[in-house]
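Enquirer: My structure file entry_24.cif, mmCIF, C-alpha atoms, is below:
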```cif
data_entry
loop_
_atom_site.label_atom_id
_atom_site.label_comp_id
_atom_site.auth_asym_id
_atom_site.auth_seq_id
_atom_site.Cartn_x
_atom_site.Cartn_y
_atom_site.Cartn_z
CA MET A 120 10.18 16.66 -8.06
CA ILE A 121 10.18 12.86 -8.43
CA LYS A 122 10.09 11.32 -11.90
CA GLU A 123 9.00 7.74 -12.59
CA ILE A 124 9.82 5.82 -15.77
CA GLY A 125 8.35 2.39 -16.36
CA GLN A 126 10.00 -0.86 -17.37
CA LYS A 127 10.47 -1.67 -21.06
CA ILE A 128 10.17 -5.29 -22.20
CA PHE A 129 11.87 -6.13 -25.51
CA TYR A 130 10.73 -9.42 -27.06
CA GLU A 131 11.07 -11.45 -30.27
CA ILE A 132 8.08 -10.85 -32.51
CA ASP A 133 7.98 -14.44 -33.82
CA THR A 134 8.35 -16.36 -30.54
CA GLY A 135 7.39 -13.93 -27.78
CA ASN A 136 10.62 -14.74 -25.95
CA ILE A 137 11.78 -11.84 -23.84
CA LEU A 138 15.18 -10.56 -24.90
CA VAL A 139 15.70 -7.70 -22.45
CA SER A 140 13.83 -6.20 -19.56
CA HIS A 141 15.04 -2.63 -19.21
CA PRO A 142 14.34 -1.66 -15.58
CA SER A 143 12.05 1.03 -14.32
CA VAL A 144 13.58 4.10 -12.71
CA ARG A 145 12.38 6.47 -10.02
CA GLY A 146 14.19 9.51 -8.73
CA ASP A 147 14.76 13.22 -8.81
CA GLU A 148 13.83 14.58 -12.22
CA ALA A 149 17.20 16.37 -12.35
CA TYR A 150 18.86 12.93 -12.61
CA VAL A 151 16.19 10.68 -14.10
CA LYS A 152 15.71 11.18 -17.84
CA GLU A 153 13.57 9.28 -20.32
CA ARG A 154 15.90 7.66 -22.85
CA PRO A 155 14.84 7.26 -26.47
CA LEU A 156 14.25 3.63 -27.49
CA ALA A 157 17.18 3.81 -29.94
CA GLU A 158 19.51 4.71 -27.07
CA ILE A 159 18.19 1.85 -24.92
CA ILE A 160 18.62 -0.59 -27.83
CA ASP A 161 22.25 0.50 -28.17
CA LEU A 162 22.86 -0.43 -24.52
CA TYR A 163 22.15 -4.14 -25.10
CA PRO A 164 24.19 -6.19 -27.60
CA VAL A 165 21.34 -8.71 -27.94
CA LEU A 166 19.20 -5.88 -29.33
CA ARG A 167 21.86 -3.78 -31.03
CA ASP A 168 23.25 -6.73 -33.03
CA ARG A 169 19.96 -7.94 -34.51
CA ASP A 170 17.49 -6.72 -37.09
CA GLN A 171 15.16 -4.28 -35.32
CA ALA A 172 12.23 -5.65 -37.33
CA SER A 173 12.64 -8.95 -35.43
CA PHE A 174 11.71 -7.53 -32.03
CA ASP A 175 9.23 -5.18 -30.43
CA VAL A 176 8.81 -3.49 -27.06
CA ILE A 177 6.13 -3.23 -24.41
CA GLU A 178 6.39 -0.06 -22.35
CA LEU A 179 4.91 -0.31 -18.86
CA ASN A 180 4.00 2.43 -16.44
CA TYR A 181 6.17 2.74 -13.36
CA GLY A 182 5.29 -0.05 -10.93
CA GLU A 183 2.90 -1.73 -13.39
CA LEU A 184 2.95 -5.52 -13.01
CA ASP A 185 5.81 -5.37 -10.45
CA GLU A 186 4.02 -7.87 -8.21
CA ASP A 187 3.52 -10.24 -11.14
CA PHE A 188 7.21 -10.09 -12.07
CA ALA A 189 8.16 -10.74 -8.43
CA GLN A 190 5.78 -13.70 -8.01
CA SER A 191 6.21 -15.39 -11.39
CA SER A 192 8.87 -17.87 -12.39
CA GLU A 193 8.89 -16.88 -16.08
CA GLN A 194 7.47 -14.25 -18.40
CA TRP A 195 6.58 -14.39 -22.08
CA VAL A 196 4.78 -12.25 -24.65
CA ASP A 197 1.95 -13.81 -26.62
CA PRO A 198 2.96 -13.01 -30.25
CA GLU A 199 -0.68 -12.85 -31.38
CA THR A 200 -2.02 -10.50 -28.71
CA LYS A 201 1.27 -8.79 -27.77
CA GLN A 202 0.26 -9.20 -24.12
CA LEU A 203 2.61 -10.23 -21.33
CA LYS A 204 1.95 -13.67 -19.87
CA PHE A 205 3.33 -14.99 -16.61
CA ALA A 206 4.09 -18.49 -15.33
CA TYR A 207 3.49 -19.06 -11.63
CA ILE A 208 4.66 -22.11 -9.72
CA ASP A 209 1.80 -23.81 -7.91
CA PRO A 210 2.95 -24.22 -4.28
CA ASN A 211 0.68 -27.28 -3.99
CA ALA A 212 2.27 -28.92 -7.04
CA PRO A 213 5.77 -27.45 -7.51
CA GLU A 214 6.78 -30.36 -9.77
CA GLU A 215 4.13 -29.41 -12.33
CA PRO A 216 5.39 -27.26 -15.21
CA PRO A 217 4.10 -23.70 -14.91
CA VAL A 218 1.46 -22.55 -17.37
CA PHE A 219 1.61 -19.07 -18.90
CA ARG A 220 -1.41 -16.91 -18.13
CA LYS A 221 -2.39 -13.28 -17.88
CA PRO A 222 -1.05 -11.37 -14.88
CA LEU A 223 -2.57 -12.39 -11.55
CA THR A 224 -3.09 -8.73 -10.70
CA GLU A 225 -5.43 -8.48 -13.72
CA GLU A 226 -7.20 -11.70 -12.75
CA VAL A 227 -7.70 -10.47 -9.19
CA GLU A 228 -9.10 -7.14 -10.43
CA ALA A 229 -11.49 -8.96 -12.78
CA LEU A 230 -12.62 -11.21 -9.92
CA LYS A 231 -13.21 -8.18 -7.68
CA GLN A 232 -15.39 -6.60 -10.37
CA GLU A 233 -17.26 -9.86 -10.91
CA ASN A 234 -17.76 -10.23 -7.16
CA THR A 235 -19.20 -6.70 -6.93
CA LEU A 236 -21.57 -7.46 -9.81
CA LEU A 237 -22.65 -10.76 -8.27
CA LYS A 238 -23.29 -9.10 -4.91
CA ALA A 239 -25.50 -6.50 -6.62
CA GLN A 240 -27.38 -9.23 -8.50
CA ASN A 241 -27.77 -11.23 -5.29
CA THR A 242 -29.19 -8.20 -3.48
CA ALA A 243 -31.65 -7.54 -6.33
CA LEU A 244 -32.76 -11.19 -6.38
CA SER A 245 -33.12 -11.23 -2.62
CA GLU A 246 -35.27 -8.09 -2.71
CA ARG A 247 -37.39 -9.62 -5.48
CA ALA A 248 -37.82 -12.86 -3.50
CA ASP A 249 -38.88 -10.85 -0.44
CA PHE A 250 -41.42 -8.97 -2.58
CA ILE A 251 -42.80 -12.23 -4.01
CA GLU A 252 -43.08 -13.71 -0.50
CA ASP A 253 -45.04 -10.64 0.62
CA VAL A 254 -47.38 -10.90 -2.40
CA VAL A 255 -47.93 -14.65 -1.79
CA ALA A 256 -48.59 -14.05 1.91
CA GLU A 257 -51.09 -11.29 1.10
CA MET A 258 -52.84 -13.51 -1.46
CA ALA A 259 -53.00 -16.36 1.04
CA MET A 260 -54.57 -14.07 3.63
CA GLN A 261 -57.23 -13.00 1.10
CA VAL A 262 -58.00 -16.61 0.20
CA TYR A 263 -58.48 -17.67 3.83
CA GLN A 264 -60.67 -14.72 4.81
#
```
Please, can you express the file's structure as structure tokens?

Expert:
Amino acid sequence: MIKEIGQKIFYEIDTGNILVSHPSVRGDEAYVKERPLAEIIDLYPVLRDRDQASFDVIELNYGELDEDFAQSSEQWVDPETKQLKFAYIDPNAPEEPPVFRKPLTEEVEALKQENTLLKAQNTALSERADFIEDVVAEMAMQVYQ
């Protein structure tokens, strides 16, 4: 059976700077084991040698935000919200400094939902306009008879 373990992002609590991105793993469950956070921390001197109260971790599901990591130029954690933010280079203005924002995959999903809602509202308004046209036409016929 295949086991999937997601990426772990260790970051400074005060600044949001990412210290370590421990990679995701996928493979046969006989070989792929979930490591305790303490064991992962011991793997990295930048984590092992500092006060553990100075950093935190975001644990992702396997494959979660992979496209955002691949497309972004930088990543950062907002210290207030503890949410990952990504900087994307604008291909139309590559000289402009990138701006950190929520993952594009989340923005695309939100836009899809908004689009679905707007389509439903548009259909409802269109049906209402058709009904009003029918009522006006019927009233006009009664006036001219």

Enquirer: I'd like to see the residues matched by the PyMOL selection byres ((chain A and resi 171) around 12) on this file, and ideally I'd get them as a PyMOL selection string.

Expert: chain A and resi 129-132+156-157+160-161+165-170+172-176

Enquirer: Output the residue selection produced by the PyMOL selection byres ((chain A and resi 180-182) around 9) on the file above, formatted as a ChimeraX atom specification.

Expert: /A:123-127,143-145,178-179,183-186

Enquirer: Find the distance between CA of Glu214 in chain A and CA of Gln194 in chain A and write it in Å to one decimal.

Expert: 18.3 Å

Enquirer: Could you list, as a PyMOL selection string, every residue matched by the PyMOL selection byres ((chain A and resi 148) around 7) in this structure?

Expert: chain A and resi 120-122+146-147+149-152

Enquirer: Hey, can you check how far CA of Thr134 in chain A sits from CA of Pro217 in chain A?

Expert: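 Distance between the two atoms: 17.8 Å.
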
Enquirer: May I have the protein, DNA and RNA residues with an atom at most 9 Å from (18.1, -5.4, -19.8), counting only C-alpha atoms in the file's coordinates, returned as a list in words?

Expert: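 Final list of nearby residues, as requested, is Lys127, Ile128, Phe129, Leu138, Val139, Ser140, His141, Pro142, Ile159, Leu162 and Tyr163 of chain A.
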
Enquirer: Skip Pro222 in chain A itself and residues of its chain fewer than 2 positions away, then list as a PDB file with C-alpha atoms, in the frame of the given file all residues within 8 Å of it, counting all atoms listed in the file.

Expert:
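Generated file (out26.pdb):
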```pdb
ATOM      1  CA  LEU A 184       2.950  -5.520 -13.010  1.00  0.00           C
ATOM      2  CA  ASP A 187       3.520 -10.240 -11.140  1.00  0.00           C
ATOM      3  CA  LEU A 203       2.610 -10.230 -21.330  1.00  0.00           C
ATOM      4  CA  LYS A 204       1.950 -13.670 -19.870  1.00  0.00           C
ATOM      5  CA  PHE A 205       3.330 -14.990 -16.610  1.00  0.00           C
ATOM      6  CA  ARG A 220      -1.410 -16.910 -18.130  1.00  0.00           C
ATOM      7  CA  THR A 224      -3.090  -8.730 -10.700  1.00  0.00           C
ATOM      8  CA  GLU A 225      -5.430  -8.480 -13.720  1.00  0.00           C
ATOM      9  CA  GLU A 226      -7.200 -11.700 -12.750  1.00  0.00           C
TER      10      GLU A 226
END
```

Enquirer: What's the separation between CA of Asn136 in chain A and CA of Val196 in chain A, in Å to one decimal place?

Expert: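 Result for CA of Asn136 in chain A versus CA of Val196 in chain A: 6.5 Å, one decimal.
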
Enquirer: Could you get me a file of range 175-189 of chain A with all heavy atoms, as a PDB file, in the first residue's frame, taken from the block above?

Expert:
```
ATOM      1  N   ASP A 175       7.844  27.710  14.591  1.00  0.00           N
ATOM      2  CA  ASP A 175       6.641  26.882  14.552  1.00  0.00           C
ATOM      3  C   ASP A 175       6.662  26.099  13.240  1.00  0.00           C
ATOM      4  O   ASP A 175       7.565  26.283  12.419  1.00  0.00           O
ATOM      5  CB  ASP A 175       5.389  27.763  14.650  1.00  0.00           C
ATOM      6  CG  ASP A 175       4.164  26.991  15.149  1.00  0.00           C
ATOM      7  OD1 ASP A 175       4.256  25.768  15.345  1.00  0.00           O
ATOM      8  OD2 ASP A 175       3.111  27.635  15.328  1.00  0.00           O
ATOM      9  N   VAL A 176       5.660  25.279  13.035  1.00  0.00           N
ATOM     10  CA  VAL A 176       5.614  24.445  11.835  1.00  0.00           C
ATOM     11  C   VAL A 176       4.207  24.443  11.248  1.00  0.00           C
ATOM     12  O   VAL A 176       3.222  24.496  11.977  1.00  0.00           O
ATOM     13  CB  VAL A 176       6.077  22.995  12.138  1.00  0.00           C
ATOM     14  CG1 VAL A 176       5.141  22.316  13.118  1.00  0.00           C
ATOM     15  CG2 VAL A 176       6.205  22.168  10.865  1.00  0.00           C
ATOM     16  N   ILE A 177       4.153  24.412   9.931  1.00  0.00           N
ATOM     17  CA  ILE A 177       2.907  24.212   9.196  1.00  0.00           C
ATOM     18  C   ILE A 177       3.036  22.845   8.531  1.00  0.00           C
ATOM     19  O   ILE A 177       3.993  22.594   7.801  1.00  0.00           O
ATOM     20  CB  ILE A 177       2.687  25.298   8.129  1.00  0.00           C
ATOM     21  CG1 ILE A 177       2.490  26.663   8.787  1.00  0.00           C
ATOM     22  CG2 ILE A 177       1.493  24.944   7.240  1.00  0.00           C
ATOM     23  CD1 ILE A 177       2.408  27.815   7.807  1.00  0.00           C
ATOM     24  N   GLU A 178       2.081  21.980   8.804  1.00  0.00           N
ATOM     25  CA  GLU A 178       2.100  20.643   8.226  1.00  0.00           C
ATOM     26  C   GLU A 178       1.072  20.591   7.096  1.00  0.00           C
ATOM     27  O   GLU A 178      -0.115  20.814   7.318  1.00  0.00           O
ATOM     28  CB  GLU A 178       1.796  19.590   9.287  1.00  0.00           C
ATOM     29  CG  GLU A 178       2.844  19.565  10.392  1.00  0.00           C
ATOM     30  CD  GLU A 178       2.631  18.449  11.401  1.00  0.00           C
ATOM     31  OE1 GLU A 178       2.552  17.282  10.972  1.00  0.00           O
ATOM     32  OE2 GLU A 178       2.559  18.777  12.595  1.00  0.00           O
ATOM     33  N   LEU A 179       1.541  20.305   5.902  1.00  0.00           N
ATOM     34  CA  LEU A 179       0.676  20.237   4.731  1.00  0.00           C
ATOM     35  C   LEU A 179       0.319  18.790   4.412  1.00  0.00           C
ATOM     36  O   LEU A 179       1.054  17.868   4.771  1.00  0.00           O
ATOM     37  CB  LEU A 179       1.374  20.864   3.519  1.00  0.00           C
ATOM     38  CG  LEU A 179       1.811  22.321   3.662  1.00  0.00           C
ATOM     39  CD1 LEU A 179       2.603  22.760   2.448  1.00  0.00           C
ATOM     40  CD2 LEU A 179       0.595  23.214   3.857  1.00  0.00           C
ATOM     41  N   ASN A 180      -0.776  18.614   3.722  1.00  0.00           N
ATOM     42  CA  ASN A 180      -1.120  17.299   3.193  1.00  0.00           C
ATOM     43  C   ASN A 180      -0.220  17.012   1.992  1.00  0.00           C
ATOM     44  O   ASN A 180       0.307  17.943   1.355  1.00  0.00           O
ATOM     45  CB  ASN A 180      -2.582  17.247   2.758  1.00  0.00           C
ATOM     46  CG  ASN A 180      -3.527  17.387   3.924  1.00  0.00           C
ATOM     47  OD1 ASN A 180      -3.297  16.836   4.993  1.00  0.00           O
ATOM     48  ND2 ASN A 180      -4.590  18.145   3.730  1.00  0.00           N
ATOM     49  N   TYR A 181      -0.076  15.760   1.664  1.00  0.00           N
ATOM     50  CA  TYR A 181       0.749  15.391   0.519  1.00  0.00           C
ATOM     51  C   TYR A 181       0.214  16.075  -0.741  1.00  0.00           C
ATOM     52  O   TYR A 181      -0.972  16.024  -1.040  1.00  0.00           O
ATOM     53  CB  TYR A 181       0.759  13.870   0.315  1.00  0.00           C
ATOM     54  CG  TYR A 181       1.628  13.450  -0.836  1.00  0.00           C
ATOM     55  CD1 TYR A 181       2.994  13.316  -0.668  1.00  0.00           C
ATOM     56  CD2 TYR A 181       1.094  13.234  -2.093  1.00  0.00           C
ATOM     57  CE1 TYR A 181       3.819  12.959  -1.721  1.00  0.00           C
ATOM     58  CE2 TYR A 181       1.897  12.872  -3.153  1.00  0.00           C
ATOM     59  CZ  TYR A 181       3.262  12.738  -2.956  1.00  0.00           C
ATOM     60  OH  TYR A 181       4.074  12.395  -4.017  1.00  0.00           O
ATOM     61  N   GLY A 182       1.085  16.753  -1.452  1.00  0.00           N
ATOM     62  CA  GLY A 182       0.721  17.423  -2.697  1.00  0.00           C
ATOM     63  C   GLY A 182       0.088  18.787  -2.524  1.00  0.00           C
ATOM     64  O   GLY A 182      -0.058  19.532  -3.499  1.00  0.00           O
ATOM     65  N   GLU A 183      -0.287  19.146  -1.307  1.00  0.00           N
ATOM     66  CA  GLU A 183      -0.939  20.428  -1.049  1.00  0.00           C
ATOM     67  C   GLU A 183       0.015  21.584  -1.361  1.00  0.00           C
ATOM     68  O   GLU A 183       1.149  21.605  -0.888  1.00  0.00           O
ATOM     69  CB  GLU A 183      -1.391  20.492   0.409  1.00  0.00           C
ATOM     70  CG  GLU A 183      -2.153  21.746   0.768  1.00  0.00           C
ATOM     71  CD  GLU A 183      -2.590  21.759   2.231  1.00  0.00           C
ATOM     72  OE1 GLU A 183      -2.286  20.811   2.977  1.00  0.00           O
ATOM     73  OE2 GLU A 183      -3.227  22.749   2.611  1.00  0.00           O
ATOM     74  N   LEU A 184      -0.433  22.494  -2.161  1.00  0.00           N
ATOM     75  CA  LEU A 184       0.295  23.706  -2.557  1.00  0.00           C
ATOM     76  C   LEU A 184       1.549  23.425  -3.395  1.00  0.00           C
ATOM     77  O   LEU A 184       2.358  24.323  -3.603  1.00  0.00           O
ATOM     78  CB  LEU A 184       0.662  24.561  -1.337  1.00  0.00           C
ATOM     79  CG  LEU A 184      -0.498  25.010  -0.452  1.00  0.00           C
ATOM     80  CD1 LEU A 184       0.022  25.797   0.747  1.00  0.00           C
ATOM     81  CD2 LEU A 184      -1.496  25.844  -1.232  1.00  0.00           C
ATOM     82  N   ASP A 185       1.703  22.202  -3.910  1.00  0.00           N
ATOM     83  CA  ASP A 185       2.880  21.890  -4.734  1.00  0.00           C
ATOM     84  C   ASP A 185       3.001  22.833  -5.926  1.00  0.00           C
ATOM     85  O   ASP A 185       4.091  23.299  -6.249  1.00  0.00           O
ATOM     86  CB  ASP A 185       2.849  20.439  -5.230  1.00  0.00           C
ATOM     87  CG  ASP A 185       3.292  19.448  -4.174  1.00  0.00           C
ATOM     88  OD1 ASP A 185       3.691  19.882  -3.057  1.00  0.00           O
ATOM     89  OD2 ASP A 185       3.239  18.226  -4.454  1.00  0.00           O
ATOM     90  N   GLU A 186       1.886  23.112  -6.578  1.00  0.00           N
ATOM     91  CA  GLU A 186       1.910  23.994  -7.749  1.00  0.00           C
ATOM     92  C   GLU A 186       2.333  25.410  -7.346  1.00  0.00           C
ATOM     93  O   GLU A 186       3.081  26.072  -8.058  1.00  0.00           O
ATOM     94  CB  GLU A 186       0.534  24.017  -8.422  1.00  0.00           C
ATOM     95  CG  GLU A 186       0.503  24.766  -9.731  1.00  0.00           C
ATOM     96  CD  GLU A 186       1.316  24.123 -10.834  1.00  0.00           C
ATOM     97  OE1 GLU A 186       1.543  22.899 -10.797  1.00  0.00           O
ATOM     98  OE2 GLU A 186       1.750  24.861 -11.746  1.00  0.00           O
ATOM     99  N   ASP A 187       1.899  25.861  -6.198  1.00  0.00           N
ATOM    100  CA  ASP A 187       2.270  27.195  -5.725  1.00  0.00           C
ATOM    101  C   ASP A 187       3.767  27.268  -5.423  1.00  0.00           C
ATOM    102  O   ASP A 187       4.424  28.247  -5.761  1.00  0.00           O
ATOM    103  CB  ASP A 187       1.452  27.574  -4.492  1.00  0.00           C
ATOM    104  CG  ASP A 187      -0.015  27.703  -4.839  1.00  0.00           C
ATOM    105  OD1 ASP A 187      -0.387  28.704  -5.472  1.00  0.00           O
ATOM    106  OD2 ASP A 187      -0.788  26.791  -4.499  1.00  0.00           O
ATOM    107  N   PHE A 188       4.305  26.223  -4.794  1.00  0.00           N
ATOM    108  CA  PHE A 188       5.743  26.202  -4.530  1.00  0.00           C
ATOM    109  C   PHE A 188       6.528  26.193  -5.842  1.00  0.00           C
ATOM    110  O   PHE A 188       7.550  26.860  -5.967  1.00  0.00           O
ATOM    111  CB  PHE A 188       6.131  24.982  -3.678  1.00  0.00           C
ATOM    112  CG  PHE A 188       5.860  25.164  -2.220  1.00  0.00           C
ATOM    113  CD1 PHE A 188       4.752  24.578  -1.628  1.00  0.00           C
ATOM    114  CD2 PHE A 188       6.705  25.920  -1.422  1.00  0.00           C
ATOM    115  CE1 PHE A 188       4.488  24.739  -0.273  1.00  0.00           C
ATOM    116  CE2 PHE A 188       6.454  26.094  -0.067  1.00  0.00           C
ATOM    117  CZ  PHE A 188       5.342  25.499   0.499  1.00  0.00           C
ATOM    118  N   ALA A 189       6.044  25.458  -6.828  1.00  0.00           N
ATOM    119  CA  ALA A 189       6.748  25.364  -8.113  1.00  0.00           C
ATOM    120  C   ALA A 189       6.701  26.680  -8.888  1.00  0.00           C
ATOM    121  O   ALA A 189       7.677  27.042  -9.550  1.00  0.00           O
ATOM    122  CB  ALA A 189       6.144  24.238  -8.950  1.00  0.00           C
TER     123      ALA A 189
END
```
